[in-house]
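> Just one file: input27.cif, with mmCIF, C-alpha atoms.
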data_final
#
loop_
_atom_site.label_atom_id
_atom_site.label_comp_id
_atom_site.auth_asym_id
_atom_site.auth_seq_id
_atom_site.Cartn_x
_atom_site.Cartn_y
_atom_site.Cartn_z
CA MET A 23 99.21 97.93 86.83
CA SER A 24 98.97 94.31 85.79
CA GLY A 25 101.06 91.85 87.77
CA LEU A 26 101.37 94.11 90.77
CA LYS A 27 100.30 92.82 94.13
CA ASN A 28 98.35 95.75 95.47
CA ILE A 29 99.15 96.68 99.04
CA ASN A 30 97.07 99.28 100.77
CA ARG A 31 99.40 101.77 102.39
CA ARG A 32 97.30 102.28 105.52
CA THR A 33 96.71 98.54 105.92
CA LEU A 34 100.43 97.88 105.63
CA LEU A 35 101.35 100.51 108.17
CA LYS A 36 98.59 99.40 110.54
CA SER A 37 99.62 95.75 110.38
CA THR A 38 103.34 96.42 110.76
CA ALA A 39 102.66 98.62 113.79
CA ALA A 40 101.91 95.44 115.71
CA VAL A 41 105.54 94.36 115.38
CA GLY A 42 107.38 95.42 118.52
CA ALA A 43 106.58 98.98 119.49
CA GLY A 44 105.47 99.84 115.93
CA LEU A 45 106.73 102.45 113.51
CA ALA A 46 108.40 105.48 115.00
CA LEU A 47 106.63 108.79 114.54
CA PRO A 48 108.50 111.07 112.13
CA THR A 49 110.72 113.39 114.11
CA ILE A 50 108.94 116.44 112.72
CA PHE A 51 106.08 115.44 115.04
CA THR A 52 108.40 114.90 118.04
CA SER A 53 111.37 116.66 119.55
CA ALA A 54 114.29 116.54 117.14
CA SER A 55 116.62 116.26 120.12
CA ARG A 56 115.15 112.84 120.94
CA ALA A 57 116.45 111.26 117.72
CA ALA A 58 119.89 111.05 116.14
CA TYR A 59 118.40 111.45 112.67
CA LEU A 60 115.07 111.94 110.92
CA ASN A 61 112.56 109.08 111.12
CA GLU A 62 114.90 106.86 113.14
CA PRO A 63 113.02 103.53 113.34
CA THR A 64 112.40 102.22 116.86
CA GLY A 65 110.04 99.32 116.16
CA GLY A 66 110.40 96.11 114.21
CA THR A 67 110.20 97.64 110.75
CA VAL A 68 111.90 100.25 108.61
CA THR A 69 109.85 102.09 105.96
CA LEU A 70 111.04 102.91 102.44
CA GLY A 71 109.22 105.30 100.08
CA PHE A 72 108.74 104.24 96.47
CA ASN A 73 107.90 107.32 94.40
CA VAL A 74 107.17 106.35 90.78
CA PRO A 75 105.19 107.64 87.79
CA GLN A 76 101.93 105.72 87.92
CA THR A 77 100.41 108.17 85.43
CA GLY A 78 101.90 110.37 82.70
CA ALA A 79 104.30 109.83 79.80
CA TYR A 80 106.61 107.52 81.77
CA ALA A 81 103.95 105.40 83.51
CA ASP A 82 105.08 102.16 81.82
CA GLU A 83 108.52 102.54 83.37
CA GLY A 84 106.93 103.43 86.71
CA ALA A 85 104.86 100.25 86.74
CA ASP A 86 107.97 98.14 86.17
CA GLU A 87 109.90 100.08 88.81
CA LEU A 88 107.20 99.33 91.36
CA ARG A 89 107.30 95.64 90.49
CA ALA A 90 111.05 95.63 91.05
CA TYR A 91 110.78 97.46 94.37
CA GLN A 92 108.20 94.97 95.61
CA LEU A 93 110.49 92.10 94.57
CA ALA A 94 113.48 93.70 96.31
CA VAL A 95 111.50 93.99 99.55
CA LYS A 96 110.55 90.31 99.35
CA HIS A 97 114.19 89.33 98.91
CA LEU A 98 115.41 91.62 101.68
CA ASN A 99 112.85 90.08 104.03
CA GLY A 100 113.93 86.52 103.22
CA GLU A 101 111.07 85.65 100.88
CA GLY A 102 111.40 84.17 97.39
CA ASP A 103 114.65 82.87 95.91
CA GLY A 104 116.80 85.82 96.98
CA GLY A 105 117.60 87.07 93.45
CA MET A 106 120.77 89.14 93.40
CA LEU A 107 121.37 88.56 97.11
CA ASN A 108 122.91 85.32 95.81
CA THR A 109 125.27 87.07 93.39
CA MET A 110 126.16 90.56 94.71
CA LYS A 111 129.69 90.84 96.09
CA PRO A 112 130.67 92.00 98.61
CA LEU A 113 127.43 91.60 100.55
CA ALA A 114 126.64 92.21 104.22
CA LEU A 115 122.91 91.38 103.94
CA LYS A 116 121.67 88.00 105.13
CA GLY A 117 118.18 87.97 103.62
CA SER A 118 116.54 88.46 107.00
CA GLY A 119 115.66 92.14 106.89
CA VAL A 120 118.01 95.05 107.49
CA LEU A 121 119.71 95.63 110.84
CA GLY A 122 117.24 93.23 112.47
CA LYS A 123 114.17 95.00 111.05
CA LYS A 124 111.71 93.88 108.40
CA VAL A 125 111.35 96.19 105.42
CA ALA A 126 107.98 97.90 104.86
CA PHE A 127 107.13 100.38 102.12
CA VAL A 128 104.74 103.09 101.01
CA THR A 129 104.17 104.37 97.49
CA GLY A 130 103.44 107.63 95.70
CA ASP A 131 102.56 108.74 92.17
CA THR A 132 104.94 111.31 90.70
CA GLN A 133 102.58 111.80 87.73
CA THR A 134 105.80 112.51 85.78
CA LYS A 135 105.57 116.01 87.28
CA SER A 136 108.14 117.58 89.60
CA ASP A 137 105.62 119.32 91.90
CA ALA A 138 103.52 116.18 92.30
CA ALA A 139 106.67 114.12 92.95
CA ARG A 140 107.87 116.47 95.69
CA ALA A 141 104.43 116.46 97.30
CA SER A 142 104.22 112.66 97.40
CA ALA A 143 107.80 112.35 98.68
CA LYS A 144 107.10 114.94 101.38
CA ARG A 145 104.00 113.02 102.46
CA MET A 146 105.93 109.76 102.69
CA ILE A 147 108.65 111.38 104.79
CA GLU A 148 106.41 113.43 107.09
CA LYS A 149 103.36 111.20 107.52
CA ASP A 150 104.64 107.69 106.83
CA GLY A 151 108.08 107.93 108.39
CA ALA A 152 109.97 106.90 105.24
CA ILE A 153 113.68 106.86 105.93
CA MET A 154 114.69 106.57 102.27
CA ILE A 155 112.99 107.75 99.07
CA THR A 156 113.64 106.16 95.71
CA GLY A 157 112.12 106.14 92.22
CA GLY A 158 111.24 108.45 89.37
CA SER A 159 111.51 108.02 85.60
CA SER A 160 112.02 111.68 84.77
CA SER A 161 115.23 113.55 85.48
CA GLY A 162 113.20 116.66 86.30
CA VAL A 163 111.39 114.63 88.95
CA ALA A 164 114.60 113.05 90.22
CA ILE A 165 116.34 116.39 90.65
CA ALA A 166 113.33 117.90 92.43
CA VAL A 167 112.94 114.97 94.82
CA GLN A 168 116.69 114.73 95.41
CA SER A 169 116.68 118.36 96.50
CA LEU A 170 113.72 117.72 98.82
CA CYS A 171 115.45 114.73 100.40
CA GLN A 172 118.58 116.80 100.97
CA GLU A 173 116.50 119.46 102.73
CA ALA A 174 114.56 116.90 104.79
CA GLY A 175 117.52 114.75 105.78
CA VAL A 176 116.84 111.39 104.13
CA ILE A 177 118.70 109.42 101.46
CA PHE A 178 117.47 109.58 97.87
CA MET A 179 118.36 106.55 95.76
CA ALA A 180 117.54 107.77 92.25
CA GLY A 181 115.63 105.46 89.94
CA LEU A 182 115.63 106.04 86.20
CA THR A 183 117.25 109.44 85.64
CA HIS A 184 119.60 110.06 82.71
CA SER A 185 120.30 113.82 82.80
CA ASN A 186 123.91 114.83 83.39
CA ASP A 187 122.58 117.33 85.92
CA THR A 188 121.39 114.71 88.44
CA THR A 189 124.97 113.98 89.49
CA GLY A 190 126.33 117.15 87.90
CA LYS A 191 125.29 120.69 88.69
CA ASP A 192 122.29 119.48 90.76
CA LYS A 193 124.06 116.74 92.72
CA ARG A 194 123.45 116.49 96.46
CA ALA A 195 125.22 114.70 99.31
CA ASN A 196 122.03 112.79 100.19
CA GLY A 197 121.48 111.66 96.58
CA PHE A 198 122.92 108.62 94.75
CA ARG A 199 122.48 107.37 91.16
CA HIS A 200 123.10 103.86 89.82
CA PHE A 201 121.72 104.63 86.32
CA PHE A 202 124.10 105.93 83.64
CA ASN A 203 123.81 109.43 82.14
CA ALA A 204 123.62 111.31 78.85
CA TYR A 205 127.38 111.88 78.62
CA MET A 206 127.93 108.12 78.86
CA SER A 207 125.36 107.49 76.13
CA GLY A 208 127.17 109.88 73.79
CA ALA A 209 130.60 108.46 74.55
CA ALA A 210 129.41 104.89 74.03
CA LEU A 211 127.18 105.44 71.01
CA ALA A 212 129.17 107.80 68.77
CA PRO A 213 131.88 105.32 67.67
CA VAL A 214 129.20 102.76 66.79
CA LEU A 215 127.28 105.35 64.75
CA GLU A 216 130.45 106.29 62.87
CA LYS A 217 131.05 102.64 62.00
CA ALA A 218 127.44 102.19 60.86
CA TYR A 219 126.81 105.50 59.06
CA GLY A 220 130.17 107.15 58.42
CA ALA A 221 131.68 110.45 59.57
CA ASP A 222 129.92 112.73 57.07
CA ARG A 223 126.35 113.07 58.31
CA LYS A 224 123.83 115.86 58.88
CA ALA A 225 121.72 115.44 62.03
CA TYR A 226 118.36 116.88 63.05
CA HIS A 227 117.47 116.66 66.76
CA LEU A 228 114.01 116.51 68.30
CA THR A 229 114.45 116.99 72.03
CA ALA A 230 112.23 116.65 75.09
CA ASP A 231 112.13 120.14 76.58
CA TYR A 232 113.44 119.56 80.09
CA THR A 233 116.71 118.82 81.86
CA TRP A 234 117.16 115.29 80.51
CA GLY A 235 116.47 116.22 76.90
CA TRP A 236 118.76 119.25 77.07
CA THR A 237 121.74 117.28 78.37
CA GLN A 238 121.03 114.32 76.08
CA GLU A 239 120.99 116.62 73.05
CA GLU A 240 124.18 118.36 74.17
CA SER A 241 126.01 115.09 74.81
CA ILE A 242 125.03 113.49 71.49
CA LYS A 243 125.84 116.68 69.55
CA ASN A 244 129.26 116.92 71.18
CA SER A 245 130.09 113.28 70.53
CA THR A 246 128.87 113.17 66.92
CA GLU A 247 130.31 116.56 65.93
CA LYS A 248 133.73 115.34 67.04
CA LEU A 249 133.32 112.62 64.41
CA GLY A 250 132.59 115.21 61.73
CA TRP A 251 128.79 115.18 61.81
CA THR A 252 126.96 118.50 61.31
CA THR A 253 123.96 119.49 63.41
CA VAL A 254 121.38 120.97 61.02
CA GLU A 255 118.71 121.82 63.59
CA ALA A 256 117.72 121.10 67.18
CA VAL A 257 114.05 121.55 68.07
CA ARG A 258 112.54 121.27 71.54
CA THR A 259 109.25 119.39 72.04
CA PRO A 260 106.96 119.40 75.12
CA LEU A 261 106.94 116.37 77.40
CA GLY A 262 103.89 114.22 76.67
CA ALA A 263 103.14 115.93 73.33
CA GLY A 264 101.51 112.84 71.85
CA ASP A 265 101.34 114.16 68.27
CA PHE A 266 104.78 114.95 66.87
CA SER A 267 103.76 115.40 63.22
CA GLN A 268 104.28 119.17 63.30
CA TYR A 269 107.87 118.60 64.45
CA ILE A 270 108.64 115.79 62.00
CA THR A 271 107.36 117.53 58.85
CA PRO A 272 110.20 120.12 58.75
CA VAL A 273 112.78 117.32 58.89
CA LEU A 274 111.77 116.26 55.38
CA ASN A 275 113.03 119.49 53.83
CA SER A 276 115.91 120.24 56.18
CA GLY A 277 118.69 118.51 54.27
CA ALA A 278 119.35 116.27 57.29
CA ASP A 279 120.06 112.60 56.68
CA VAL A 280 119.80 111.52 60.34
CA LEU A 281 116.98 112.14 62.81
CA ILE A 282 118.01 111.90 66.46
CA LEU A 283 115.07 111.44 68.83
CA ASN A 284 116.00 112.67 72.29
CA HIS A 285 112.71 111.31 73.61
CA TYR A 286 111.85 108.64 76.15
CA GLY A 287 108.87 106.52 77.17
CA ARG A 288 105.63 107.05 75.30
CA ASP A 289 107.07 110.19 73.69
CA MET A 290 109.71 108.09 71.94
CA VAL A 291 107.12 105.49 70.92
CA ASN A 292 104.94 108.19 69.37
CA SER A 293 107.68 110.23 67.69
CA LEU A 294 109.44 107.18 66.24
CA THR A 295 106.19 105.66 65.00
CA GLN A 296 105.16 108.92 63.34
CA ALA A 297 108.63 109.41 61.79
CA VAL A 298 108.36 105.97 60.19
CA GLN A 299 104.81 106.71 59.02
CA PHE A 300 106.12 109.86 57.34
CA GLY A 301 108.45 107.63 55.31
CA LEU A 302 111.74 108.84 56.79
CA ARG A 303 113.25 105.37 56.99
CA ASP A 304 112.69 104.85 53.26
CA LYS A 305 114.22 108.16 52.15
CA LYS A 306 117.59 108.80 50.57
CA VAL A 307 119.15 112.17 51.40
CA ASN A 308 122.57 113.44 50.33
CA GLY A 309 123.09 110.12 48.56
CA LYS A 310 122.71 108.21 51.84
CA ASP A 311 119.99 106.06 53.37
CA PHE A 312 118.17 108.15 55.96
CA ALA A 313 118.84 106.99 59.54
CA ILE A 314 117.00 107.38 62.84
CA VAL A 315 118.79 107.18 66.20
CA VAL A 316 117.25 106.82 69.67
CA PRO A 317 120.10 107.61 72.11
CA LEU A 318 118.31 106.22 75.20
CA TYR A 319 116.47 102.96 74.62
CA SER A 320 114.45 100.56 76.74
CA ARG A 321 112.76 97.23 76.17
CA LEU A 322 109.42 98.79 77.14
CA MET A 323 109.83 101.48 74.48
CA ALA A 324 110.81 98.89 71.90
CA GLN A 325 107.65 96.93 72.69
CA GLY A 326 105.54 100.06 72.30
CA ALA A 327 107.11 100.98 68.95
CA GLY A 328 107.02 97.42 67.57
CA GLU A 329 108.55 96.89 64.13
CA ASN A 330 109.55 100.54 63.93
CA VAL A 331 112.62 99.85 66.09
CA LYS A 332 114.22 97.45 63.61
CA GLY A 333 117.83 98.41 62.90
CA ILE A 334 117.73 101.54 65.08
CA TYR A 335 120.69 102.14 67.41
CA GLY A 336 120.67 103.45 70.96
CA THR A 337 122.08 102.84 74.42
CA THR A 338 120.70 101.21 77.53
CA ASN A 339 121.83 100.84 81.12
CA TRP A 340 121.10 97.10 81.22
CA HIS A 341 119.28 94.43 79.22
CA TRP A 342 117.61 91.23 80.32
CA SER A 343 119.55 89.14 77.79
CA LEU A 344 122.89 89.62 79.60
CA GLU A 345 124.47 86.32 80.62
CA ASP A 346 126.28 87.31 83.83
CA GLU A 347 125.14 85.53 86.99
CA GLY A 348 123.56 88.63 88.57
CA SER A 349 121.47 89.43 85.50
CA LYS A 350 120.34 85.82 85.14
CA ALA A 351 119.35 85.65 88.82
CA PHE A 352 117.30 88.85 88.58
CA VAL A 353 115.62 87.88 85.30
CA LYS A 354 114.68 84.50 86.78
CA SER A 355 113.22 86.01 89.96
CA PHE A 356 111.35 88.76 88.14
CA GLY A 357 110.05 86.37 85.49
CA GLN A 358 108.76 83.92 88.06
CA GLU A 359 107.01 86.74 89.92
CA TYR A 360 105.45 88.59 86.97
CA GLY A 361 105.62 86.37 83.89
CA PHE A 362 107.86 88.53 81.70
CA PRO A 363 111.42 89.90 81.73
CA PRO A 364 112.33 93.11 83.58
CA SER A 365 113.16 96.44 81.97
CA GLN A 366 116.24 98.57 82.64
CA ALA A 367 114.06 100.75 84.89
CA ALA A 368 113.16 97.70 86.98
CA HIS A 369 116.80 96.63 87.13
CA THR A 370 118.23 99.94 88.36
CA CYS A 371 115.49 100.32 91.00
CA TYR A 372 115.96 96.78 92.30
CA VAL A 373 119.73 97.26 92.53
CA GLN A 374 119.39 100.65 94.24
CA THR A 375 117.19 99.11 96.95
CA LEU A 376 119.70 96.36 97.62
CA LEU A 377 122.61 98.82 97.64
CA TYR A 378 120.85 101.05 100.18
CA ALA A 379 120.02 98.11 102.44
CA ASP A 380 123.54 96.69 102.18
CA ALA A 381 125.08 100.09 102.99
CA ALA A 382 122.90 100.32 106.11
CA GLU A 383 123.98 96.85 107.16
CA ARG A 384 127.65 97.67 106.59
CA ALA A 385 127.35 101.02 108.37
CA GLY A 386 125.40 99.52 111.26
CA THR A 387 122.89 102.38 111.14
CA PHE A 388 120.01 103.92 109.19
CA ASN A 389 121.54 107.35 109.74
CA PRO A 390 121.69 108.81 106.21
CA CYS A 391 125.17 110.18 106.77
CA GLY A 392 126.46 106.77 107.82
CA ILE A 393 124.83 105.17 104.80
CA GLY A 394 126.27 107.88 102.53
CA LYS A 395 129.78 107.16 103.76
CA ALA A 396 129.24 103.44 103.17
CA LEU A 397 128.16 104.07 99.57
CA GLU A 398 130.88 106.56 98.65
CA GLY A 399 133.70 104.80 96.84
CA PHE A 400 131.94 101.43 97.18
CA GLU A 401 133.05 98.86 94.59
CA PHE A 402 130.79 95.89 93.90
CA ASP A 403 129.96 93.22 91.33
CA GLY A 404 127.27 90.63 90.66
CA THR A 405 124.44 93.03 89.80
CA GLY A 406 124.82 93.14 86.01
CA ASN A 407 127.16 95.32 83.89
CA GLY A 408 130.26 93.92 85.58
CA PRO A 409 132.40 95.62 88.26
CA THR A 410 130.82 98.89 89.37
CA LEU A 411 132.05 101.89 91.36
CA TYR A 412 129.89 104.36 93.30
CA ARG A 413 132.18 107.37 92.81
CA ALA A 414 132.55 109.45 95.96
CA ALA A 415 133.06 112.76 94.12
CA ASP A 416 129.56 112.93 92.60
CA HIS A 417 127.66 109.81 93.76
CA GLN A 418 127.51 108.48 90.18
CA CYS A 419 127.92 104.77 89.40
CA PHE A 420 130.43 103.78 86.73
CA LYS A 421 130.08 100.50 84.86
CA LYS A 422 129.83 99.13 81.33
CA VAL A 423 127.29 100.79 78.98
CA LEU A 424 125.35 98.79 76.41
CA VAL A 425 124.87 99.86 72.80
CA VAL A 426 121.80 98.13 71.39
CA ARG A 427 119.99 97.87 68.07
CA GLY A 428 116.41 96.95 67.19
CA LYS A 429 116.32 93.31 66.05
CA GLU A 430 115.40 92.55 62.46
CA ASN A 431 113.98 89.13 63.36
CA PRO A 432 112.77 89.08 66.99
CA THR A 433 111.82 85.72 68.47
CA SER A 434 109.21 87.07 70.89
CA GLN A 435 107.44 90.25 71.97
CA PHE A 436 110.22 90.82 74.51
CA ASP A 437 113.20 89.92 72.31
CA LEU A 438 113.28 93.21 70.41
CA LEU A 439 116.76 94.59 71.12
CA GLU A 440 120.17 93.06 70.58
CA VAL A 441 123.31 94.13 72.41
CA VAL A 442 125.87 95.05 69.75
CA GLU A 443 128.57 96.33 72.08
CA GLU A 444 129.36 96.32 75.80
CA VAL A 445 131.35 99.54 76.11
CA PRO A 446 134.05 99.38 78.80
CA THR A 447 133.83 101.64 81.82
CA GLU A 448 137.01 103.48 80.88
CA GLN A 449 135.44 104.79 77.66
CA VAL A 450 132.53 106.46 79.47
CA THR A 451 134.36 107.78 82.55
CA TYR A 452 134.85 111.55 82.86
CA ASP A 453 136.15 114.22 85.23
CA PRO A 454 133.34 115.11 87.67
CA ALA A 455 134.36 118.77 87.46
CA ILE A 456 133.07 119.14 83.89
CA PHE A 457 129.42 119.34 85.03
CA GLY A 458 129.99 121.60 88.02
CA GLY A 459 127.88 121.59 91.15
CA GLU A 460 128.78 120.90 94.75
CA LEU A 461 127.72 117.87 96.79
CA GLY A 462 127.63 119.87 99.99
CA ALA A 463 127.32 118.20 103.38
CA CYS A 464 125.12 115.27 104.30
CA ASN A 465 121.95 116.20 106.19
CA ALA A 466 120.62 113.77 108.82
CA GLY A 467 117.55 115.91 109.43
CA ALA A 468 117.54 115.96 113.23
#
Spit out the file's structure as C-alpha cells when you get a sec.

Amino acid sequence: MSGLKNINRRTLLKSTAAVGAGLALPTIFTSASRAAYLNEPTGGTVTLGFNVPQTGAYADEGADELRAYQLAVKHLNGEGDGGMLNTMKPLALKGSGVLGKKVAFVTGDTQTKSDAARASAKRMIEKDGAIMITGGSSSGVAIAVQSLCQEAGVIFMAGLTHSNDTTGKDKRANGFRHFFNAYMSGAALAPVLEKAYGADRKAYHLTADYTWGWTQEESIKNSTEKLGWTTVEAVRTPLGAGDFSQYITPVLNSGADVLILNHYGRDMVNSLTQAVQFGLRDKKVNGKDFAIVVPLYSRLMAQGAGENVKGIYGTTNWHWSLEDEGSKAFVKSFGQEYGFPPSQAAHTCYVQTLLYADAAERAGTFNPCGIGKALEGFEFDGTGNGPTLYRAADHQCFKKVLVVRGKENPTSQFDLLEVVEEVPTEQVTYDPAIFGGELGACNAGA
C-alpha cells in the first residue's frame, strides 16, 4: 500500500506496553468480574482495531481507509495539524489522546470476505485487547463483524457499508454507521435521472450478488419505477467476477435503454469498462441515447475506469471538492500526509474514529454502553456534508447526499467527478421501521 507508514503490530504493542502499566489483558483471559467491561484499558494506551480489505475486490478502498485511520490516530494523539479536530462542533476532544490515554491500533485484512473479517476482528479483540473495531468496504463484511462485536461486547464503527440491512434488519446496539445507504442513493438519484433521461425508460440491472447489491438494486428499482421507468431484467453477478462480458452481452438484445451497474470497487471498474468496450454508450435504443448509471460512485472507482466515467451519474457519501471548512481541513491534512486527495471511504473512516473518541470523552468512559448512549441522537457539524444526526432508533447518520457525474474535461487524474446536486437531508430521511430489525440491548462484554 503506497503512502502507508507500516507499523508492525507486535512492535507497536510491545513499545506501548512500556507506558504506565502497559495494555490490559483482554478480559477473556482474566476474571470478567474484575472489569466493568471487555478490554477495559488500565495502562497509558487504548487500542483500536482497524479491519480493512487489504486484498480482494475492494482493496483500493481498504488502503485508503487505513491511511485515514492512521491520520485520525495522529490527530487524536496531538500530532500533525489536527484536521477536523479544528472544525468539528461540538467537540470534547483536546488533541491529547482520549480520556488521558494515547491511542494505539492494530490492523487486520478482511480479504473482502465475511469469514476472514470475523476471524481478524476476533483476533484483535481477544489477543490485542481492541476496545473498538472499525472498517470494512463490503456490507457483507460489515454485517458479519457488527454481529461479532455485539456478541463480544465492543463497539463497531462501520466503515464503508452501503446496504440498507446494516442499520436495517441486521442493525445492532453496538454498531454505528456514518456512511449513507442504498435507500438514500435511490431517493437522491432518481429525480436527477428523470431530469437527465426522462420518465419513459427501460432499465437493465447488473447486481453484485450479496446484501449490498440486493438492497441497492431494490432501492434504485423502487425509486425509478415510481418515475415511470420499467425494469426489463435484473441479473446477479458474483463478487470479484473480473470478466463481465457474459453478463453484458444479453443487454444488447434486451430492449433496455439504460444499464444500471449495482457494482462497486474493481467490479464496477471492470463492468463499466467492458460495457463501454461493447459499444453501449454509442447505441440508440427505443429512439433514445443509451445511458449507463452507477448508483454508488467513488473517486477511486472513477480513477480506475478513466474516461469511461464521463457523463455517468451516481451518488457518493462525500467528495474531496466540497468547500465546507471540515472537508477542506481533512483534504489538506490527508494531502500533506499522502500526496493526493482522500476518497469517500477514507473520509467516513476518519470521521468515525473521531466520533468514537469524542463520544468516549463526552461519556467519560470507554464502556461501550456509555459510548453508545453518547452517540445516540448526537447532532454535529464540521465534518463535511453539513449538519448530521446519529439517529438513536437505528444508529444511522443522516446528512446531505451528493449526486455526482463523471467530468467531461477533468483537470487532473483526481478531478474526475463533479457534484451536480447536494440533496438535502429531508429528501433522503425515512421511517426506520421500513427495514425492520431490532437494535436489542448494548453488550459491554463483562
> With distances taken over all atoms listed in the file, which residue among A:Thr188, A:Ser245, A:Asn465, A:Thr387 lies nearest Gly162 of chain A?
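Looking at the shortest contact to Gly162 of chain A, the residue is A:Thr188.
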> Considering only C-alpha atoms, can you say which of A:Leu121, A:Leu318, A:Ala415, A:Val423 comes closest to Thr189 of chain A?
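Comparing A:Leu121, A:Leu318, A:Ala415, A:Val423 against Thr189 of chain A, the winner is A:Ala415.
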> Can you tell me how far atom CA of Leu294 of chain A sits from atom CA of Glu247 of chain A, in Å to one decimal?
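So the two atoms, atom CA of Leu294 of chain A and atom CA of Glu247 of chain A, lie 22.9 Å apart.
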> So which residues touch segment 277-284 of chain A within 8 Å, counting all atoms listed in the file, skipping near sequence neighbours fewer than 5 positions away, as a PyMOL selection string?
chain A and resi 223-230+235+238-239+254+290+293-294+306-308+310-318
> Which residues are close to segment 384-386 of chain A, i.e. within 10 Å by all atoms listed in the file, leaving aside same-chain residues fewer than 6 positions away? Reply as a PyMOL selection string.
chain A and resi 113-115+120-121+378+392-397
> Just say which residues the PyMOL selection byres ((chain A and resi 141) around 12) picks in this file, as a PyMOL selection string.
chain A and resi 73+130-133+135-140+142-149+163+166-167+170-171
> Considering all atoms listed in the file, state which residue in the set A:Gln92, A:Gly66, A:Gly122, A:Gln172 is at the smallest distance from Cys391 of chain A.
A:Gln172
> Pick out the closest residue to Pro364 of chain A from this set: A:Thr246, A:Ser434, A:Thr295, A:Ser320. Count all atoms listed in the file.
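Result for the nearest residue to Pro364 of chain A: A:Ser320.
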> Could you expand the PyMOL selection byres ((chain A and resi 90) around 9) into the explicit residues it covers here, written as a VMD selection string?
chain A and resid 85 to 89 91 to 95 356 364 367 to 373
> My list of candidates is A:Asn339, A:Leu376, A:Leu211, A:Arg199. Which is closest to Asn99 of chain A when distances are computed with all atoms listed in the file?
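Of all the options, A:Leu376 lies closest to Asn99 of chain A.
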> So that I can check the surroundings of Asn186 of chain A, please list as a PyMOL selection string every protein, DNA and RNA residue that reaches within 8 Å of it, counting all atoms listed in the file and ignoring chain neighbours fewer than 2 positions away.
chain A and resi 184+188-190+203-205+234+237-238+457
> Can you tell me how far atom CA of Met106 of chain A sits from atom CA of Phe420 of chain A, in Å to one decimal?
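So the answer is 18.8 Å.
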> So how many Å separate atom CA of Ala414 of chain A and atom CA of Phe402 of chain A, to one decimal?
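Pair atom CA of Ala414 of chain A / atom CA of Phe402 of chain A returns 13.8 Å.
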> I need the residue nearest Lys243 of chain A from this list: A:Leu344, A:Ala256, A:Ala195, A:Ala180. Use all atoms listed in the file for the distance.
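For Lys243 of chain A, the nearest of the candidates is A:Ala256.
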> Can you list, as a list of chain:residue names, every protein, DNA or RNA residue that comes within 10 Å of Val68 of chain A when you count all atoms listed in the file, leaving out same-chain residues fewer than 3 positions away?
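The residues that qualify are A:Thr38, A:Gly44, A:Leu45, A:Ala46, A:Asn61, A:Glu62, A:Pro63, A:Thr64, A:Gly65, A:Gly119, A:Val120, A:Leu121, A:Gly122, A:Lys123, A:Lys124, A:Val125, A:Ala126, A:Phe127, A:Gly151, A:Ala152, A:Ile153, A:Met154, A:Phe388.
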> Identify, on the basis of only C-alpha atoms, every residue whose closest approach to Pro454 of chain A does not exceed 10 Å; exclude the query and any residue fewer than 4 positions from it along the same chain; express the result as a list in words.
Thr189, Gly190, Lys191, Arg413, Ala415, Asp416, His417, Gln418, Gly458 and Gly459 of chain A
